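*Asks:* Take this structure first; my questions come after.
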Amino acid sequence: MTLISAHAGFGKTTLVREWLASCNYAVAWLSLEEGDNNPNSFLTYIIAALQTLEKDLGKELLSLLRSPQPPKMEVILTSLLNEITSIPYNFILVLDDYHTIHTQPINYAMTFLLENMPSQMHLVITTREDPKFPLARLRARDQLTEVRDSDLRFTSSEAASFLNQVMNLRLSNKDIVDLVTKTEGWISGLQLAGISMSGHDDPSSFIKTFTGTHTFIMDYLVEEVLKQQSVYIQNFLLRTSILDRLCGPLCDAVMQDTPLIGQQNLEFLEKSNLFIIPLDNERRWYRYHHLFAELLKQRLLQDLDHSSENKKIDIAQLHIRASIWHEKNNYEIEAFQHAAAAGDVERAERLLLGNGTPLHFRGAIVPVIKWLETLSTEILNANPTLWVLYASVLSMSNHYNEVEPKLLAAEGALQGLEINRKTRNLVGHIAAIRAFLATVQNKVDVIVSESLIALENLSPDNLAVRTATTWKLGIAYERKGDNTKAKQAYTEVVSICNASGNKIIGILAATGLGNIQVKENFLEQAFKTYQQALKMKDDTPSSYSYRAYIGLARIYYEWNDLDASIEHIEKSIQLAKLIENVDQIITSNLLYVKTLLAKGDKDSASNILNEIKENVIQYNLEDRISEVSETEVILLLNQGKLLSAQKLAETYKTPLSQARVYLSQGDITKALNELNTFYQEVKQNGIREKVLKAMILKAVIFYTDGETEKSLELITDCLLEAKSGRFVRVFLDEGKHMERLLLKAYANRVMPEYIEFLLKAFKLEKQKFNCEEQTNMIHSQLLFETLSQRELEVLKLIGQGFSNKDISKRLFIALDTVKGHNRRIFDKLQVGRRTEAVAKAREIGLL
């Protein structure tokens, strides 16, 4: 990192710009301001700056940051750093005016960035005060270059060049020395003094009276600068100071000038060095220097206090003009913020509602909450809509405990009002929010009752809330086991999500529909539905697509495309980690275990299962223990650990697992008893996916017991059920007994084409394992013990020079897990350190 730290006006930005012009590095530049203290906005601008180097970098992360519930900054940064590592050249990221940042989460994020910064990246920071980073540690590591105000002060000769050659003042050497002494070489002081002296008849007398500390000098000179400008330019500066960013047409709207000369004014200010900074190469957008803007705003307020009534500047009216312009030009959030600053509650509310899709539905949660927090109880009571919006934005920002009091206040404000379309819509929205809270609390009956109340009262054109409510209703029906009603709800949401603008809900509904189609064994339909969900995302946060990815992974697994399955599993895990959805990570990893077992990688499957169990314990996810134990029983049976499998199955009473254990022990009666109980339960609940699995296992049990006729009858029913979905793995996973049963069915001319397809899959499976066994035999001649698939992945990353921490991030596994892999790799390679491991691996052909 290069840190350029000095007081205001020491030329930090100019220094960096001129230095960059003389070096051959790619540069991403971000000028910061007070409004960038929101962590999500800060990261959004960081990514946007980096996209000037690589346009697709962080595209999905930008969408994620606009979501109603963005993930923690460290999670976003980890993904961003992983993308930065792919940039194939050295580059510089400049953060200008970092002193405007005072939010601790952003300082923490920058520290995290510094600790993990890729080697091709160099960070340059300009600031008026030292950032709250571990600077001492960076110095000790020789990772910090510092430029301080003592380095930036102008000498007399430099000041002479600047004042006489650049500003054309023709000052004497004595005047220059006096001015440098009084300003202590402060470039902005010199610049402001030079502007003030332009046209001054006696520069020497001006310099003699020029005294004071920086603060007083600043105030004095800005006053002098303003007074040297025309009345029109003074008015222009004061009135446009309410804008965070300026462009010609926006300034025209605020000033209401005729003719429209806002762009000319901005260009004049830039040429006159009046503290205006261009924000793009086209010189379309500008901003005032932060200090200058603050002083202009202060002067604007002073004019308001000291002007007569008929000369007062109406600041609220300026904000309204800015709001109108931003609205016309589709800058909806800025339009809302200016309306809020103007105190125009009615306009701010209208803009917040956003033509049917409220702003906080589109990511503007922070500015909406900030505005609502400023409103008095009297204003909120006079406008129940605002109470409801308050509850809505709080629910979307995870402030669940604060929601119900706002809803009760809304209901209190509605009492006594005329029952009309507007008030009925508010009643519906209140119920919709309560349905959402019930979804979080898993109160299924409450979800249904509140959703029905909501849909009965919500306006037909309130599509955003109606679709969200219908989706929640679908969740409730699915949890109740009523798949027919759930599908109807999800299908309705998907069909209208584009019109409602609520695409996040559309993605979730499409995924829910796909999940039900999987339960009903309609894999082809589900595949198309999941793909539709992925196509819907556009600019919506891609993290909401994790369910669609795991749905596709499950189908690919069933179709025996194991590589495609793993690819989609990893995408699902990556997205789930972005929003810290541990429950979904467990779901994806359980399928990962099954897929690795299908590929014959028992060691990696075992390692991932251990990670799953750690997560279950760490996050107290008791409801997942049964499902995890069922997967573990399958693993133990694959490993030949029959006794351990038996104990685990008996402990958690998982019927399919117990049936498999009894079958492995040759206890057919107990196996059938367990299976029959399970079969009756899933059949009654209409879960055809589980019915098929139970029937297949039952057919295998009958076949191993010599009940050939029963097994053929059952396998025929299974094939009829499975054919349309092109099921493969559900048969392959039953092993050699299923293969023999299929051969028997084929001999009896039962669905010969489908059985030929399945038998070919069995043949390919055996060929694959035979090939892997030969490879393992070759390696085993050189190794005491063969490396697992995951250990090979870790070894390759070690060979590429990645640290343990980097490997942890790239593979999305805990740091301790990486260290455990390292120990096992070293043991198997019979080495003691990383360099020896890499050398040995290359020697025997593993790298």
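Please note that chains go A, B, ... in the order of the structure tokens, that every chain numbers its residues from 1, and that ligands are numbered from 1 in the order shown.
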Show me, as an MDAnalysis selection string, the residues that have an atom within 12 Å of Arg660 (chain A) when counting only C-alpha atoms, minus same-chain residues fewer than 2 positions from it.
*Replies:* chainID A and resid 630:631 633:638 642 645:646 649:650 654:658 662:675 693:694 696:698 700:701 733:734
*Asks:* For the selection you just gave me, I'd like the residues written to a file as a tab-separated table (two decimals), in the first residue's frame, keeping N, CA and C atoms.
*Replies:*
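Contents of result_24.tsv, freshly written:
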chain	number	residue	atom	x	y	z
A	630	GLU	N	-28.45	-40.51	7.80
A	630	GLU	CA	-28.84	-41.40	6.71
A	630	GLU	C	-27.74	-41.45	5.64
A	631	THR	N	-27.18	-40.29	5.32
A	631	THR	CA	-26.07	-40.25	4.36
A	631	THR	C	-24.84	-40.94	4.93
A	633	VAL	N	-24.76	-43.42	7.04
A	633	VAL	CA	-24.95	-44.87	7.00
A	633	VAL	C	-24.54	-45.41	5.63
A	634	ILE	N	-24.95	-44.71	4.56
A	634	ILE	CA	-24.57	-45.13	3.21
A	634	ILE	C	-23.05	-45.15	3.06
A	635	LEU	N	-22.39	-44.12	3.58
A	635	LEU	CA	-20.93	-44.06	3.53
A	635	LEU	C	-20.30	-45.22	4.30
A	636	LEU	N	-20.79	-45.48	5.49
A	636	LEU	CA	-20.25	-46.56	6.32
A	636	LEU	C	-20.42	-47.92	5.64
A	637	LEU	N	-21.57	-48.13	5.02
A	637	LEU	CA	-21.80	-49.38	4.30
A	637	LEU	C	-20.83	-49.50	3.12
A	638	ASN	N	-20.56	-48.38	2.44
A	638	ASN	CA	-19.59	-48.38	1.34
A	638	ASN	C	-18.19	-48.70	1.84
A	642	LEU	N	-19.96	-52.23	8.89
A	642	LEU	CA	-21.34	-52.65	9.10
A	642	LEU	C	-21.83	-52.37	10.52
A	645	ALA	N	-22.51	-48.71	11.00
A	645	ALA	CA	-23.72	-48.34	10.26
A	645	ALA	C	-24.96	-48.77	11.02
A	646	GLN	N	-24.91	-49.98	11.59
A	646	GLN	CA	-26.05	-50.50	12.35
A	646	GLN	C	-26.37	-49.61	13.56
A	649	ALA	N	-27.87	-46.21	12.39
A	649	ALA	CA	-29.23	-46.35	11.89
A	649	ALA	C	-30.23	-46.57	13.02
A	650	GLU	N	-29.84	-47.37	14.00
A	650	GLU	CA	-30.72	-47.63	15.14
A	650	GLU	C	-30.88	-46.41	16.02
A	654	THR	N	-33.78	-44.14	11.06
A	654	THR	CA	-34.03	-43.78	9.66
A	654	THR	C	-34.38	-45.05	8.90
A	655	PRO	N	-35.64	-45.20	8.46
A	655	PRO	CA	-36.13	-46.47	7.91
A	655	PRO	C	-35.31	-47.02	6.75
A	656	LEU	N	-35.01	-46.17	5.74
A	656	LEU	CA	-34.25	-46.68	4.60
A	656	LEU	C	-32.87	-47.16	5.02
A	657	SER	N	-32.24	-46.41	5.92
A	657	SER	CA	-30.92	-46.81	6.40
A	657	SER	C	-30.98	-48.14	7.15
A	658	GLN	N	-31.98	-48.25	8.02
A	658	GLN	CA	-32.12	-49.50	8.79
A	658	GLN	C	-32.38	-50.67	7.87
A	662	TYR	N	-30.08	-54.02	7.63
A	662	TYR	CA	-30.62	-55.37	7.81
A	662	TYR	C	-30.36	-56.22	6.58
A	663	LEU	N	-30.48	-55.62	5.39
A	663	LEU	CA	-30.22	-56.35	4.15
A	663	LEU	C	-28.75	-56.79	4.11
A	664	SER	N	-27.85	-55.88	4.51
A	664	SER	CA	-26.42	-56.23	4.54
A	664	SER	C	-26.14	-57.35	5.51
A	665	GLN	N	-26.94	-57.45	6.58
A	665	GLN	CA	-26.78	-58.50	7.58
A	665	GLN	C	-27.50	-59.79	7.20
A	666	GLY	N	-28.29	-59.72	6.10
A	666	GLY	CA	-29.03	-60.91	5.66
A	666	GLY	C	-30.33	-61.12	6.40
A	667	ASP	N	-30.77	-60.11	7.19
A	667	ASP	CA	-32.04	-60.23	7.93
A	667	ASP	C	-33.16	-59.65	7.08
A	668	ILE	N	-33.71	-60.49	6.20
A	668	ILE	CA	-34.70	-60.04	5.21
A	668	ILE	C	-35.99	-59.59	5.88
A	669	THR	N	-36.41	-60.29	6.89
A	669	THR	CA	-37.68	-59.98	7.55
A	669	THR	C	-37.66	-58.57	8.14
A	670	LYS	N	-36.61	-58.27	8.91
A	670	LYS	CA	-36.51	-56.94	9.50
A	670	LYS	C	-36.37	-55.86	8.42
A	671	ALA	N	-35.63	-56.18	7.38
A	671	ALA	CA	-35.46	-55.21	6.29
A	671	ALA	C	-36.79	-54.86	5.66
A	672	LEU	N	-37.62	-55.89	5.40
A	672	LEU	CA	-38.93	-55.65	4.79
A	672	LEU	C	-39.87	-54.92	5.74
A	673	ASN	N	-39.82	-55.26	7.03
A	673	ASN	CA	-40.68	-54.58	8.00
A	673	ASN	C	-40.39	-53.08	8.03
A	674	GLU	N	-39.11	-52.73	8.10
A	674	GLU	CA	-38.73	-51.31	8.10
A	674	GLU	C	-39.17	-50.63	6.81
A	675	LEU	N	-38.95	-51.32	5.70
A	675	LEU	CA	-39.23	-50.73	4.40
A	675	LEU	C	-40.73	-50.57	4.19
A	693	LYS	N	-37.88	-44.97	-4.58
A	693	LYS	CA	-36.69	-45.50	-3.90
A	693	LYS	C	-37.05	-46.70	-3.03
A	694	ALA	N	-38.19	-46.60	-2.34
A	694	ALA	CA	-38.61	-47.71	-1.48
A	694	ALA	C	-38.94	-48.94	-2.32
A	696	ILE	N	-37.73	-49.75	-5.30
A	696	ILE	CA	-36.49	-50.32	-5.86
A	696	ILE	C	-35.75	-51.14	-4.82
A	697	LEU	N	-35.63	-50.59	-3.61
A	697	LEU	CA	-34.94	-51.32	-2.55
A	697	LEU	C	-35.70	-52.59	-2.18
A	698	LYS	N	-37.02	-52.49	-2.20
A	698	LYS	CA	-37.84	-53.66	-1.89
A	698	LYS	C	-37.64	-54.75	-2.95
A	700	VAL	N	-34.96	-55.26	-4.70
A	700	VAL	CA	-33.63	-55.84	-4.45
A	700	VAL	C	-33.71	-56.84	-3.30
A	701	ILE	N	-34.44	-56.48	-2.25
A	701	ILE	CA	-34.56	-57.37	-1.09
A	701	ILE	C	-35.23	-58.69	-1.50
A	733	ASP	N	-27.10	-47.20	-7.87
A	733	ASP	CA	-26.67	-47.14	-6.48
A	733	ASP	C	-26.98	-48.43	-5.71
A	734	GLU	N	-27.84	-49.29	-6.28
A	734	GLU	CA	-28.17	-50.56	-5.60
A	734	GLU	C	-27.17	-51.66	-5.94
*Asks:* Find the spatial neighbours of Asn82 (chain A), counting only C-alpha atoms, within a cut-off of 8 Å - ignore same-chain residues fewer than 4 positions away - and output them as a list in words.
*Replies:*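 With the cut-off at 8 Å, the set is Thr78, Ser86, Lys809 and Arg810 of chain A.
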*Asks:* CA of Leu473 (chain A) and CA of Ala489 (chain A) are how many Å apart?
*Replies:* 6.8 Å
*Asks:* Could you please determine the separation between CA of Asp303 (chain A) and CA of Val254 (chain A) in Å, to one decimal place?
*Replies:* 17.4 Å
*Asks:* Compile the contact shell of region 353-369 of chain A as a PyMOL selection string: residues with an atom at most 6 Å away, counting only C-alpha atoms, same-chain residues fewer than 3 positions apart removed.
*Replies:* chain A and resi 66-68+350+372+462+464
*Asks:* Which polymer residues have any atom within 8 Å of an atom of region 749-755 of chain A, counting only C-alpha atoms, with same-chain residues fewer than 4 positions away left out, as a ChimeraX atom specification?
*Replies:* /A:716,719,723,742-743,745,759
*Asks:* DSSP on the backbone: what in region 260-381 of chain A comes out alpha helix (DSSP H), as a PyMOL selection string?
*Replies:* chain A and resi 262-271+290-306+315-328+332-342+345-353+365-374+377-381
*Asks:* Could you check how far CA of Ala48 (chain A) sits from CA of Trp285 (chain A), in Å to one decimal?
*Replies:*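 Distance between the two atoms: 15.8 Å.
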*Asks:* Show me, as a list of chain:residue names, the residues that have an atom within 7 Å of region 111-125 of chain A when counting only C-alpha atoms, minus same-chain residues fewer than 5 positions from it.
*Replies:*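 In the requested form, the answer reads A:Met1, A:Thr2, A:Leu3, A:Ile4, A:Thr85, A:Tyr89, A:Asn90, A:Phe91, A:Ile92, A:Leu93, A:Val94, A:Leu95, A:Asp96, A:Tyr98, A:Phe133.
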*Asks:* Which residues, written as a list in words, have at least one atom at most 9 Å from Asn38 (chain A), with only C-alpha atoms counted and residues fewer than 3 positions away on the same chain left out?
*Replies:*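 Counting only the stated atoms, we get Gly35, Ser41, Phe42, Leu43, Thr103, Ile106 and Val366 of chain A.
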*Asks:* Convert the current residue selection to file output with C-alpha atoms, as a PDB file, in the first residue's frame.
*Replies:*
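What landed in out-v1.pdb:
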ATOM      1  CA  GLY A  35     -22.271   9.364   1.415  1.00  0.00           C
ATOM      2  CA  SER A  41     -22.403   1.322  -1.357  1.00  0.00           C
ATOM      3  CA  PHE A  42     -18.661   1.389  -0.677  1.00  0.00           C
ATOM      4  CA  LEU A  43     -18.202  -2.110  -2.078  1.00  0.00           C
ATOM      5  CA  THR A 103     -17.548   3.492   9.361  1.00  0.00           C
ATOM      6  CA  ILE A 106     -15.481  -0.464   6.064  1.00  0.00           C
ATOM      7  CA  VAL A 366     -30.676   2.108   4.196  1.00  0.00           C
TER       8      VAL A 366
END
*Asks:* Hey, what's within 8 Å of region 383-400 of chain A if we count only C-alpha atoms and toss same-chain stuff fewer than 6 positions away? As a list of chain:residue names, please?
*Replies:*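 The residues satisfying every condition are A:Pro68, A:Gln69, A:Glu349, A:His360, A:Ile365, A:Val368, A:Ile369, A:Leu372, A:Lys406, A:Leu407, A:Ala409, A:Ala410, A:Glu411, A:Ala413, A:Leu414, A:Leu426, A:His429, A:Ile430, A:Ile433, A:Leu437.
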*Asks:* Pull all heavy atoms from the residues just selected and write them as a short mmCIF file (atom, residue, chain, number, x, y, z; two decimals), in the first residue's frame.
*Replies:*
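What landed in part18.cif:
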data_model
loop_
_atom_site.label_atom_id
_atom_site.label_comp_id
_atom_site.auth_asym_id
_atom_site.auth_seq_id
_atom_site.Cartn_x
_atom_site.Cartn_y
_atom_site.Cartn_z
N PRO A 68 -32.19 -7.25 -0.92
CA PRO A 68 -32.75 -6.81 0.36
C PRO A 68 -31.94 -7.27 1.56
O PRO A 68 -31.91 -6.61 2.58
CB PRO A 68 -34.15 -7.44 0.37
CG PRO A 68 -34.46 -7.71 -1.05
CD PRO A 68 -33.15 -8.03 -1.71
N GLN A 69 -31.29 -8.44 1.46
CA GLN A 69 -30.53 -8.97 2.58
C GLN A 69 -29.12 -9.33 2.10
O GLN A 69 -28.80 -10.50 1.93
CB GLN A 69 -31.23 -10.20 3.16
CG GLN A 69 -32.60 -9.90 3.73
CD GLN A 69 -33.25 -11.14 4.29
OE1 GLN A 69 -32.61 -12.13 4.57
NE2 GLN A 69 -34.56 -11.08 4.46
N GLU A 349 -43.04 9.74 -0.09
CA GLU A 349 -43.81 8.49 0.01
C GLU A 349 -44.12 7.94 -1.37
O GLU A 349 -43.97 6.74 -1.63
CB GLU A 349 -45.11 8.74 0.77
CG GLU A 349 -45.99 7.51 0.86
CD GLU A 349 -47.40 7.84 1.31
OE1 GLU A 349 -47.60 8.91 1.92
OE2 GLU A 349 -48.30 7.03 1.05
N HIS A 360 -37.33 -0.13 -1.39
CA HIS A 360 -36.59 -1.08 -0.56
C HIS A 360 -36.70 -2.49 -1.12
O HIS A 360 -35.91 -3.35 -0.75
CB HIS A 360 -37.06 -1.02 0.90
CG HIS A 360 -38.50 -1.30 1.13
ND1 HIS A 360 -39.49 -0.38 0.86
CD2 HIS A 360 -39.14 -2.39 1.62
CE1 HIS A 360 -40.68 -0.90 1.16
NE2 HIS A 360 -40.49 -2.12 1.63
N ILE A 365 -32.66 -0.06 1.06
CA ILE A 365 -33.15 -0.23 2.43
C ILE A 365 -32.61 0.87 3.34
O ILE A 365 -33.36 1.46 4.13
CB ILE A 365 -32.76 -1.63 2.96
CG1 ILE A 365 -33.61 -2.69 2.24
CG2 ILE A 365 -32.97 -1.72 4.46
CD1 ILE A 365 -33.28 -4.10 2.65
N VAL A 368 -34.13 4.45 2.97
CA VAL A 368 -35.54 4.42 3.36
C VAL A 368 -35.66 4.39 4.88
O VAL A 368 -36.44 5.15 5.47
CB VAL A 368 -36.26 3.21 2.73
CG1 VAL A 368 -37.66 3.06 3.30
CG2 VAL A 368 -36.33 3.37 1.22
N ILE A 369 -34.90 3.52 5.53
CA ILE A 369 -34.95 3.45 6.99
C ILE A 369 -34.52 4.79 7.61
O ILE A 369 -35.15 5.28 8.56
CB ILE A 369 -34.06 2.31 7.53
CG1 ILE A 369 -34.75 0.95 7.29
CG2 ILE A 369 -33.78 2.47 9.01
CD1 ILE A 369 -33.99 -0.23 7.85
N LEU A 372 -37.41 7.26 7.35
CA LEU A 372 -38.54 6.91 8.23
C LEU A 372 -38.19 7.19 9.69
O LEU A 372 -39.07 7.57 10.48
CB LEU A 372 -38.93 5.45 8.03
CG LEU A 372 -39.57 5.12 6.67
CD1 LEU A 372 -39.67 3.62 6.47
CD2 LEU A 372 -40.96 5.76 6.57
N LYS A 406 -44.68 -1.80 14.78
CA LYS A 406 -45.02 -0.89 13.68
C LYS A 406 -46.35 -1.30 13.03
O LYS A 406 -47.16 -0.44 12.66
CB LYS A 406 -43.91 -0.91 12.62
CG LYS A 406 -42.51 -0.53 13.14
CD LYS A 406 -42.46 0.88 13.64
CE LYS A 406 -41.05 1.31 14.04
NZ LYS A 406 -40.54 0.61 15.23
N LEU A 407 -46.59 -2.61 12.94
CA LEU A 407 -47.87 -3.07 12.37
C LEU A 407 -49.03 -2.69 13.28
O LEU A 407 -50.11 -2.29 12.80
CB LEU A 407 -47.83 -4.58 12.17
CG LEU A 407 -46.82 -5.10 11.13
CD1 LEU A 407 -46.85 -6.61 11.06
CD2 LEU A 407 -47.11 -4.51 9.74
N ALA A 409 -49.09 -0.15 15.29
CA ALA A 409 -49.26 1.30 15.14
C ALA A 409 -50.02 1.61 13.86
O ALA A 409 -50.87 2.51 13.83
CB ALA A 409 -47.89 1.98 15.12
N ALA A 410 -49.73 0.86 12.79
CA ALA A 410 -50.45 1.07 11.53
C ALA A 410 -51.93 0.76 11.70
O ALA A 410 -52.80 1.50 11.23
CB ALA A 410 -49.84 0.18 10.44
N GLU A 411 -52.23 -0.35 12.37
CA GLU A 411 -53.64 -0.71 12.61
C GLU A 411 -54.34 0.34 13.46
O GLU A 411 -55.51 0.67 13.23
CB GLU A 411 -53.72 -2.09 13.26
CG GLU A 411 -53.32 -3.21 12.29
CD GLU A 411 -53.26 -4.58 12.96
OE1 GLU A 411 -52.95 -4.63 14.17
OE2 GLU A 411 -53.51 -5.58 12.27
N ALA A 413 -53.58 3.53 13.53
CA ALA A 413 -53.79 4.71 12.68
C ALA A 413 -54.92 4.51 11.68
O ALA A 413 -55.55 5.47 11.25
CB ALA A 413 -52.49 5.04 11.95
N LEU A 414 -55.18 3.25 11.33
CA LEU A 414 -56.25 2.97 10.36
C LEU A 414 -57.65 3.00 10.99
O LEU A 414 -58.65 3.14 10.28
CB LEU A 414 -56.03 1.59 9.74
CG LEU A 414 -54.94 1.49 8.66
CD1 LEU A 414 -54.63 0.03 8.33
CD2 LEU A 414 -55.36 2.23 7.40
N LEU A 426 -53.79 -1.54 2.52
CA LEU A 426 -52.90 -1.49 3.69
C LEU A 426 -53.17 -2.66 4.63
O LEU A 426 -52.24 -3.26 5.17
CB LEU A 426 -53.07 -0.16 4.43
CG LEU A 426 -52.52 1.07 3.71
CD1 LEU A 426 -52.81 2.33 4.52
CD2 LEU A 426 -51.02 0.94 3.47
N HIS A 429 -51.48 -5.52 3.09
CA HIS A 429 -50.02 -5.47 3.23
C HIS A 429 -49.60 -5.85 4.64
O HIS A 429 -48.59 -6.55 4.84
CB HIS A 429 -49.52 -4.07 2.88
CG HIS A 429 -48.06 -4.04 2.54
ND1 HIS A 429 -47.46 -2.98 1.92
CD2 HIS A 429 -47.07 -4.95 2.74
CE1 HIS A 429 -46.18 -3.22 1.75
NE2 HIS A 429 -45.91 -4.42 2.24
N ILE A 430 -50.36 -5.40 5.64
CA ILE A 430 -50.06 -5.78 7.03
C ILE A 430 -50.11 -7.29 7.18
O ILE A 430 -49.21 -7.91 7.78
CB ILE A 430 -51.05 -5.09 7.98
CG1 ILE A 430 -50.80 -3.58 8.05
CG2 ILE A 430 -50.96 -5.70 9.39
CD1 ILE A 430 -51.86 -2.79 8.76
N ILE A 433 -47.06 -8.96 5.58
CA ILE A 433 -45.86 -8.88 6.40
C ILE A 433 -45.92 -9.89 7.53
O ILE A 433 -44.91 -10.55 7.85
CB ILE A 433 -45.68 -7.44 6.95
CG1 ILE A 433 -45.44 -6.47 5.79
CG2 ILE A 433 -44.51 -7.37 7.93
CD1 ILE A 433 -45.51 -5.01 6.18
N LEU A 437 -43.33 -13.02 8.51
CA LEU A 437 -42.79 -13.33 9.83
C LEU A 437 -43.10 -14.77 10.21
O LEU A 437 -42.27 -15.47 10.80
CB LEU A 437 -43.37 -12.38 10.89
CG LEU A 437 -42.93 -10.92 10.79
CD1 LEU A 437 -43.62 -10.09 11.87
CD2 LEU A 437 -41.42 -10.79 10.92
#
